[in-house]
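> Quick one: this structure, given as structure tokens, is what I'll be asking you about.
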There are 2 protein chains.
Amino acid sequence: MASYYKDFREYLAVLEEKGKLRRIKRAINKDTEMHPLVRLQFRGGTESERTAFLFENVVDVKGVKYDMPVAVGCMAASKDIYALGMQCAPEEIGAKWGRALVKPIPPTVVSRGLVQEVVHAGTDLGTKFGLHSLPIPISTPGFDNAPYTTASHWVSRDPETGTRNLGNYRGQAKSPLRIGCCAGLGIRTHWKKWKKLGKKEMDAAIVIGVTPNLSYTATARVPEDVEEYGVAGGIAGAPVELVQCKTVDLQVPANAEIVIEGKMSTEELEMEGPFGEFPGFMAQRSLNLFMDVTCITHCVSPIYVAFISQFPPSESSVLRGVAREQLVRKFLSVDCKLKGIRQVSLHESTGSWGLCVVQIDQREGGKGGEVLKAMKGAKHHLSKWVVVVDDDINPQDADAVNWAMSFRVQPRRDTEVIDMYAMPLDPSLYRSGERIDMTNEGSGASAIMIDATRKWPYPPVSLPAQPYMEQALKIWKEEGLPALRLKEPWFGYSLGYWTEEDVEEANLALKGEHFQTGEKQAKSQRKKV
Amino acid sequence: MASYYKDFREYLAVLEEKGKLRRIKRAINKDTEMHPLVRLQFRGGTESERTAFLFENVVDVKGVKYDMPVAVGCMAASKDIYALGMQCAPEEIGAKWGRALVKPIPPTVVSRGLVQEVVHAGTDLGTKFGLHSLPIPISTPGFDNAPYTTASHWVSRDPETGTRNLGNYRGQAKSPLRIGCCAGLGIRTHWKKWKKLGKKEMDAAIVIGVTPNLSYTATARVPEDVEEYGVAGGIAGAPVELVQCKTVDLQVPANAEIVIEGKMSTEELEMEGPFGEFPGFMAQRSLNLFMDVTCITHCVSPIYVAFISQFPPSESSVLRGVAREQLVRKFLSVDCKLKGIRQVSLHESTGSWGLCVVQIDQREGGKGGEVLKAMKGAKHHLSKWVVVVDDDINPQDADAVNWAMSFRVQPRRDTEVIDMYAMPLDPSLYRSGERIDMTNEGSGASAIMIDATRKWPYPPVSLPAQPYMEQALKIWKEEGLPALRLKEPWFGYSLGYWTEEDVEEANLALKGEHFQTGEKQAKSQRKKV
């Protein structure tokens, strides 16, 4: 296997080589045109047509022209792109993620890195160079209240254990030297610890423009005691190289495009938002963390990188989905030691959060009830709707799942409502204008668990048996009828219950001898009522 | 408006004229090739490509050659075909059904009809001509235990009120003169009444090959006190013409292709099945009604007509779905007098039975809770999953519904499990081999009701506002990027909650003045914690 990408631009070259990058050379307004343009492919194109975009000529609403190009959708505009980032085939993503989770490779610290080729600090900072110098796009023009960083991986450190967190959170550009942080669980936990220790500030750094392994782990909910740097190393098959920050006591990827260093107050929160978020609604303004910038470093001629998030499906739903699917699968198979777990599918239409379908194989010992019992302990891996299906159901196909929900479920017997963690961006949980402090953990949320597996052997699927469908396919082609894209199932198959008498009668019918069956029914299968 | 189709073949000519009929001239084996061939279009084609088929050269597994052609998929292979049968545009089907339900036109009895041009009775019957003379196809070769009639509309009469039922039930060819009947609610109710009155037999007749209005009402669950003949008249805008049967006291459509008259025992049941059914599984053998044939009549050169049912989607899921959607809509709007009911959608993937999505408009007074309360009284119109959504959700789109289920539902607050009628073909309810008497009403079934409407005003949908998406579309086309098929929503829209401050800040951002917002946040929107 080739060695892993050494930096973001090496990866970008591969995207381009594979036809997965579009360069836009005309002037594009980062505030009004850029995200809407990339967004179109998520609302009007097929997944295989989606590409990353590189905007080479970026301007803003004030007419400012930026030297820095902007890359959007590079990490996960589609699963094909995600696979390129993983350096594997799309169907191998799961296994590769699984191995990296089980066997992380710790990072190494090196003395110098590309990301520190140019250092902005001291009096220059905030005047000659600041957040205003970065071409941060407005993601949801018309609704967002500022440009926000989206592919911003925040680094922080646990003051007790030293464990580093790399978590992807949006950042509101608030001034040339101040940026908001919509704090997720990882950084929030660290911040609370620093606060509890009586520290007035916490060191933090934002990393932008990295190799995909880092973006994949920064957007995943890796267990708290595991460093994302290590899992990223596991994906790459080699340690991630880190450099020491210039003004804070943290280490960041040596070959990143841009790093923003700073200090976060543990004594004050500041209003942040609204910003268009992944559930498909504008996240409301709320009290949140913020960082005062102490230094910005970058390589020579950096590329600014943004995710396209907001309404699902989007890059963020692919990012969230692919990793979470593997984390849930690992949780069920490895941590809970359950047998027969085949696939886990998070539906993109639900922001890769709302609907989680677990496919099991009962013949390999998979049991719907056990999966649901285990999922109750899944904490932050829980989805609002968890559905377990059999191996003949494609868990990614909403219609197939609905078929299973219709004829393999009795709601009173097979569904259960349980408590779940409160997802702060869920508008069904908080009345608009009600929730204002994003650092408080909420409560009152619930999830529903559905066992849509067969509870006993079923009769075969009601489609003609395979030989007859194959013969029909031959006739179809000979007759020159329109091309078909067959969807499974397209012939009947066994689901465990089919008696010898059933076999005999079906065979008689195919010999034209079905009146024999009728005669039997008249003689011995009548009943007085 | 043109007058309604006078008979089945006039309708068939219109199908052909509109490009919705394929003639197959080669010899086709009705037992092994016919249904598999038509089935392919449901597993591999798009709905708009689906057509009816007319098989002009029909043979069977014994090498018998039939004079009679067989038509399959004529009534509802797609909604476009259904609309041709209704003589209206697809989007007008609902309104036309609604009017026919509210204003049925009673049938008239005429002295002679095409269907009695040829009469087989007396000694000829069962030898020279019988059920074996009809080219009844095997629907699910490899699993079905006989050829079954599928577009067989059974006529019976209520012994107390005289109300006639026209109900579509499958019929197992058991002998040249005996046919099974998988009795649905309508005929079952009549049969029980005849039995209760001490009558040993009930008159019955099977009608095959009619104008679409009759097939649409025969496959719908029209209220018990309403005659399908009348609703069919309402659809046609003119009374259905009936003739008196030759050997039983019933009236049948005068211009049908084929009528099979007979007597049903009220003292005995007979085993029937297995047969591939609409939930997607082989329905198991069970005790059921049967009819001894007393006469067969048909027009000169009749055409045999079959539905394609079995695994969804199929013709039967369109038939069931379209009518049931209108019956539910009428139940909610007219019978329950609820406001703001917009659409009802039964998902084909669930056999147009498992998942029912009701779309309401809250601005017009629609209320999710009221719909669910009403649906509890819907009896046989209930689906296992009932979901109420807002008017911005496309109820036919499983992904859109799942989005609503993810972010507009709190399961503990918004779901409720209730009792429902036992659907005898639901394999999740009966352990395989367990249920054997289809005339017994079952129990123990449940349904789940989900209110997926917004419980309070929501922030806007997180997509760029319309002007920015339109500008992006212009750039997209100018850049020559791949053609788009935009799916709604493709720009952000209001859902009731958006403050003046939100508007101001979004406008500032689009002027590049977002640091003003940052300054405000620093000055007045900080909070000590």
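Residues in the structure tokens are numbered from 1 in each chain, the chains being A, B, ... in the order shown, and ligands are numbered from 1 in the order shown.
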Show me, as an NGL selection string, the residues that have an atom within 8 Å of segment 342-358 of chain B when counting only C-alpha atoms, minus same-chain residues fewer than 5 positions from it.

(:A and (399-400 or 402-403 or 405-407)) or (:B and (278-280 or 311-314 or 316-318 or 320-322 or 324-326 or 328-329 or 383-389 or 391 or 395-396))

> Leaving out segment 169-182 of chain B and any residue of its chain fewer than 2 positions from it, which residues lie within 8 Å of it when counting only C-alpha atoms, given as a PDB file with C-alpha atoms, in the first residue's frame?


ATOM      1  CA  HIS A 514     -53.197 -28.431  -9.506  1.00  0.00           C
ATOM      2  CA  PHE A 515     -56.656 -30.047  -9.663  1.00  0.00           C
ATOM      3  CA  THR A 517     -54.500 -30.437  -4.926  1.00  0.00           C
ATOM      4  CA  GLY A 518     -58.099 -29.271  -5.272  1.00  0.00           C
ATOM      5  CA  GLU A 519     -59.274 -32.862  -5.012  1.00  0.00           C
TER       6      GLU A 519
ATOM      7  CA  LEU B 125     -70.280 -27.193 -18.000  1.00  0.00           C
ATOM      8  CA  GLY B 126     -67.226 -28.716 -16.445  1.00  0.00           C
ATOM      9  CA  THR B 127     -66.459 -30.844 -19.483  1.00  0.00           C
ATOM     10  CA  GLY B 130     -64.957 -24.966 -17.162  1.00  0.00           C
ATOM     11  CA  LEU B 131     -62.379 -23.167 -15.091  1.00  0.00           C
ATOM     12  CA  HIS B 132     -59.732 -25.152 -17.003  1.00  0.00           C
ATOM     13  CA  ALA B 146     -52.423 -23.386  -8.313  1.00  0.00           C
ATOM     14  CA  PRO B 147     -53.449 -20.780 -10.852  1.00  0.00           C
ATOM     15  CA  TYR B 148     -55.509 -18.167  -9.001  1.00  0.00           C
ATOM     16  CA  THR B 149     -57.887 -15.581 -10.388  1.00  0.00           C
ATOM     17  CA  THR B 150     -56.623 -12.178  -9.206  1.00  0.00           C
ATOM     18  CA  ALA B 151     -58.824  -9.571 -10.924  1.00  0.00           C
ATOM     19  CA  SER B 152     -61.861 -11.523  -9.734  1.00  0.00           C
ATOM     20  CA  HIS B 153     -64.612  -9.276  -8.401  1.00  0.00           C
ATOM     21  CA  TRP B 154     -66.952 -11.385  -6.263  1.00  0.00           C
ATOM     22  CA  GLY B 167     -65.191  -7.279  -3.642  1.00  0.00           C
ATOM     23  CA  GLY B 184     -62.388 -10.367   2.536  1.00  0.00           C
ATOM     24  CA  GLU B 270     -61.967 -25.807   2.628  1.00  0.00           C
ATOM     25  CA  GLU B 272     -56.904 -22.757   0.357  1.00  0.00           C
ATOM     26  CA  GLY B 273     -53.411 -21.381  -0.395  1.00  0.00           C
ATOM     27  CA  ASN B 288     -61.599 -20.487   3.487  1.00  0.00           C
ATOM     28  CA  LEU B 289     -64.779 -20.176   1.438  1.00  0.00           C
ATOM     29  CA  PHE B 290     -65.243 -22.020  -1.833  1.00  0.00           C
ATOM     30  CA  MET B 291     -67.791 -21.873  -4.630  1.00  0.00           C
ATOM     31  CA  ASP B 292     -69.323 -24.601  -6.790  1.00  0.00           C
ATOM     32  CA  VAL B 293     -69.740 -23.211 -10.272  1.00  0.00           C
ATOM     33  CA  THR B 294     -73.246 -23.340 -11.737  1.00  0.00           C
ATOM     34  CA  MET B 438     -59.574 -17.033   7.529  1.00  0.00           C
TER      35      MET B 438
END

> Provide the atom CA of Tyr421 of chain B to atom CA of Glu267 of chain B distance in Å, to one decimal place.

25.8 Å

> In Å to one decimal, how far is atom CA of Ser3 of chain B from atom CA of Lys103 of chain B?

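Distance between the two atoms: 17.7 Å.
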
> Got a sec: who's within 7 Å of Val252 of chain A, counting only C-alpha atoms, leaving out chain neighbours fewer than 4 positions off, as a ChimeraX atom specification?

/A:242-245

> Give me, as a ChimeraX atom specification, all polymer residues having an atom no more than 8 Å from segment 9-18 of chain B, counting only C-alpha atoms and skipping those fewer than 6 positions away in the same chain.

/B:52,74,81,84-85,211-212

> Pull N, CA, C and O atoms from the residues just selected and write them as a compact mmCIF listing (two decimals), in the first residue's frame.


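Ended up saving to selection10.txt:
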# COMPACT_ATOMS: atom_id res chain seq x y z
N ALA B 52 -49.35 -1.70 -19.13
CA ALA B 52 -50.13 -2.93 -19.14
C ALA B 52 -49.55 -3.84 -20.22
O ALA B 52 -48.82 -3.38 -21.10
N CYS B 74 -53.52 -3.84 -16.35
CA CYS B 74 -54.27 -2.81 -17.10
C CYS B 74 -54.85 -1.73 -16.21
O CYS B 74 -55.10 -0.61 -16.67
N ILE B 81 -51.61 5.15 -15.30
CA ILE B 81 -52.61 4.24 -15.84
C ILE B 81 -53.91 4.36 -15.04
O ILE B 81 -55.00 4.42 -15.61
N LEU B 84 -55.80 7.24 -16.28
CA LEU B 84 -56.51 6.96 -17.53
C LEU B 84 -57.82 6.23 -17.23
O LEU B 84 -58.85 6.50 -17.84
N GLY B 85 -57.75 5.32 -16.28
CA GLY B 85 -58.96 4.59 -15.90
C GLY B 85 -60.00 5.48 -15.27
O GLY B 85 -61.21 5.23 -15.36
N THR B 211 -64.87 -2.39 -16.82
CA THR B 211 -64.34 -1.03 -16.93
C THR B 211 -63.62 -0.69 -15.63
O THR B 211 -63.97 -1.22 -14.56
N PRO B 212 -62.62 0.20 -15.69
CA PRO B 212 -61.78 0.44 -14.52
C PRO B 212 -62.54 0.90 -13.27
O PRO B 212 -62.19 0.51 -12.15

> I want to know what sits within 7 Å of segment 370-380 of chain B, based on only C-alpha atoms, with residues of the same chain fewer than 4 positions away left out; could you give that as a list in words?

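Contacts, in chain order: Leu332, Cys336, Tyr421 and Met449 of chain B.
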
> Let's see if you can do this: from backbone DSSP, list all helix (DSSP H, G or I) residues in segment 177-300 of chain B, as a list in words.

Leu185, Gly186, Ile187, Arg188, Thr189, His190, Trp191, Lys192, Lys193, Trp194, Lys195, Lys196, Pro212, Asn213, Leu214, Ser215, Tyr216, Thr217, Ala218, Glu228, Tyr229, Gly230, Val231, Ala232, Gly233, Gly234, Ile235 and Ala236 of chain B

> Might you pull out every residue within 9 Å of segment 186-191 of chain A, with only C-alpha atoms counted and same-chain residues fewer than 5 positions away left off, and present them as a ChimeraX atom specification?

/A:154-159,165-167,196,201-202,221,224,264-266,289,439

> Can you tell me, as a PyMOL selection string, what residues are no more than 12 Å from Ser48 of chain A when counting only C-alpha atoms, ignoring any on the same chain fewer than 5 positions away?

(chain A and resi 19-20+41-42+76-82+90) or (chain B and resi 482)

> Would you please extract all strand (DSSP E) residues from segment 227-281 of chain B, as assigned by DSSP on the backbone, and give them as an mmCIF file with N, CA, C and O atoms, in the first residue's frame?


data_model
loop_
_atom_site.group_PDB
_atom_site.id
_atom_site.type_symbol
_atom_site.label_atom_id
_atom_site.label_comp_id
_atom_site.auth_asym_id
_atom_site.auth_seq_id
_atom_site.Cartn_x
_atom_site.Cartn_y
_atom_site.Cartn_z
ATOM 1 N N GLU B 241 -74.525 -0.446 -15.796
ATOM 2 C CA GLU B 241 -75.609 -1.316 -16.290
ATOM 3 C C GLU B 241 -75.369 -2.743 -15.830
ATOM 4 O O GLU B 241 -74.282 -3.290 -16.019
ATOM 5 N N LEU B 242 -76.407 -3.343 -15.252
ATOM 6 C CA LEU B 242 -76.296 -4.698 -14.728
ATOM 7 C C LEU B 242 -77.262 -5.624 -15.469
ATOM 8 O O LEU B 242 -78.304 -5.166 -15.952
ATOM 9 N N VAL B 243 -76.915 -6.903 -15.539
ATOM 10 C CA VAL B 243 -77.872 -7.925 -16.000
ATOM 11 C C VAL B 243 -78.061 -8.949 -14.882
ATOM 12 O O VAL B 243 -77.177 -9.147 -14.045
ATOM 13 N N GLN B 244 -79.225 -9.592 -14.920
ATOM 14 C CA GLN B 244 -79.528 -10.645 -13.967
ATOM 15 C C GLN B 244 -78.697 -11.887 -14.321
ATOM 16 O O GLN B 244 -78.540 -12.216 -15.505
ATOM 17 N N GLN B 251 -77.022 -9.627 -9.639
ATOM 18 C CA GLN B 251 -76.841 -8.846 -10.863
ATOM 19 C C GLN B 251 -75.358 -8.547 -11.056
ATOM 20 O O GLN B 251 -74.662 -8.232 -10.098
ATOM 21 N N VAL B 252 -74.930 -8.634 -12.293
ATOM 22 C CA VAL B 252 -73.517 -8.419 -12.621
ATOM 23 C C VAL B 252 -73.399 -7.411 -13.761
ATOM 24 O O VAL B 252 -74.346 -7.235 -14.537
ATOM 25 N N PRO B 253 -72.246 -6.743 -13.902
ATOM 26 C CA PRO B 253 -72.084 -5.757 -14.969
ATOM 27 C C PRO B 253 -72.359 -6.367 -16.348
ATOM 28 O O PRO B 253 -71.788 -7.408 -16.705
ATOM 29 N N ILE B 258 -66.232 -11.795 -18.643
ATOM 30 C CA ILE B 258 -66.510 -13.153 -18.159
ATOM 31 C C ILE B 258 -67.234 -13.071 -16.811
ATOM 32 O O ILE B 258 -66.878 -12.232 -15.968
ATOM 33 N N VAL B 259 -68.240 -13.917 -16.603
ATOM 34 C CA VAL B 259 -68.867 -14.055 -15.279
ATOM 35 C C VAL B 259 -68.950 -15.538 -14.934
ATOM 36 O O VAL B 259 -69.326 -16.362 -15.773
ATOM 37 N N ILE B 260 -68.546 -15.853 -13.709
ATOM 38 C CA ILE B 260 -68.638 -17.232 -13.205
ATOM 39 C C ILE B 260 -69.670 -17.224 -12.087
ATOM 40 O O ILE B 260 -69.469 -16.558 -11.066
ATOM 41 N N GLU B 261 -70.779 -17.925 -12.274
ATOM 42 C CA GLU B 261 -71.832 -17.953 -11.254
ATOM 43 C C GLU B 261 -71.682 -19.213 -10.409
ATOM 44 O O GLU B 261 -71.152 -20.220 -10.883
ATOM 45 N N GLY B 262 -72.183 -19.172 -9.168
ATOM 46 C CA GLY B 262 -72.088 -20.377 -8.348
ATOM 47 C C GLY B 262 -72.719 -20.237 -6.984
ATOM 48 O O GLY B 262 -73.336 -19.222 -6.656
ATOM 49 N N LYS B 263 -72.545 -21.289 -6.198
ATOM 50 C CA LYS B 263 -73.109 -21.364 -4.849
ATOM 51 C C LYS B 263 -71.971 -21.641 -3.861
ATOM 52 O O LYS B 263 -71.116 -22.480 -4.124
ATOM 53 N N MET B 264 -72.042 -20.941 -2.746
ATOM 54 C CA MET B 264 -71.039 -21.164 -1.700
ATOM 55 C C MET B 264 -71.692 -21.862 -0.516
ATOM 56 O O MET B 264 -72.719 -21.392 -0.014
ATOM 57 N N SER B 265 -71.066 -22.929 -0.057
ATOM 58 C CA SER B 265 -71.552 -23.615 1.139
ATOM 59 C C SER B 265 -71.379 -22.696 2.347
ATOM 60 O O SER B 265 -70.366 -22.025 2.484
ATOM 61 N N GLU B 268 -69.497 -25.570 5.210
ATOM 62 C CA GLU B 268 -68.148 -26.134 5.162
ATOM 63 C C GLU B 268 -67.136 -25.097 4.662
ATOM 64 O O GLU B 268 -67.459 -24.261 3.817
ATOM 65 N N LEU B 269 -65.958 -25.220 5.187
ATOM 66 C CA LEU B 269 -64.829 -24.446 4.663
ATOM 67 C C LEU B 269 -63.827 -25.437 4.087
ATOM 68 O O LEU B 269 -63.839 -26.620 4.438
ATOM 69 N N GLU B 270 -62.941 -24.914 3.243
ATOM 70 C CA GLU B 270 -61.967 -25.807 2.628
ATOM 71 C C GLU B 270 -60.597 -25.130 2.661
ATOM 72 O O GLU B 270 -60.498 -23.917 2.573
ATOM 73 N N MET B 271 -59.558 -25.943 2.750
ATOM 74 C CA MET B 271 -58.207 -25.388 2.768
ATOM 75 C C MET B 271 -57.933 -24.674 1.445
ATOM 76 O O MET B 271 -58.356 -25.128 0.385
ATOM 77 N N GLU B 272 -57.242 -23.559 1.542
ATOM 78 C CA GLU B 272 -56.904 -22.757 0.357
ATOM 79 C C GLU B 272 -55.522 -22.160 0.590
ATOM 80 O O GLU B 272 -55.142 -21.906 1.727
ATOM 81 N N PHE B 275 -50.505 -18.748 -1.452
ATOM 82 C CA PHE B 275 -50.512 -17.842 -2.602
ATOM 83 C C PHE B 275 -49.691 -16.612 -2.241
ATOM 84 O O PHE B 275 -49.770 -16.107 -1.118
ATOM 85 N N GLY B 276 -48.905 -16.107 -3.179
ATOM 86 C CA GLY B 276 -48.052 -14.927 -2.919
ATOM 87 C C GLY B 276 -48.897 -13.681 -2.742
ATOM 88 O O GLY B 276 -49.617 -13.307 -3.658
#

> Give the answer as one residue: which of B:Glu434, B:Asp392, B:Glu504, B:Asp397 has the shortest atom-to-atom distance to Pro489 of chain B, using only C-alpha atoms?

B:Asp392

> In Å, how far is it from atom CA of Gly444 of chain A to atom CA of Met420 of chain A?

7.9 Å

> Using only C-alpha atoms, pick whichever of B:Arg26, B:Lys62, B:His298, B:Arg50 has the shortest atom-to-atom distance to chain A.

B:Lys62
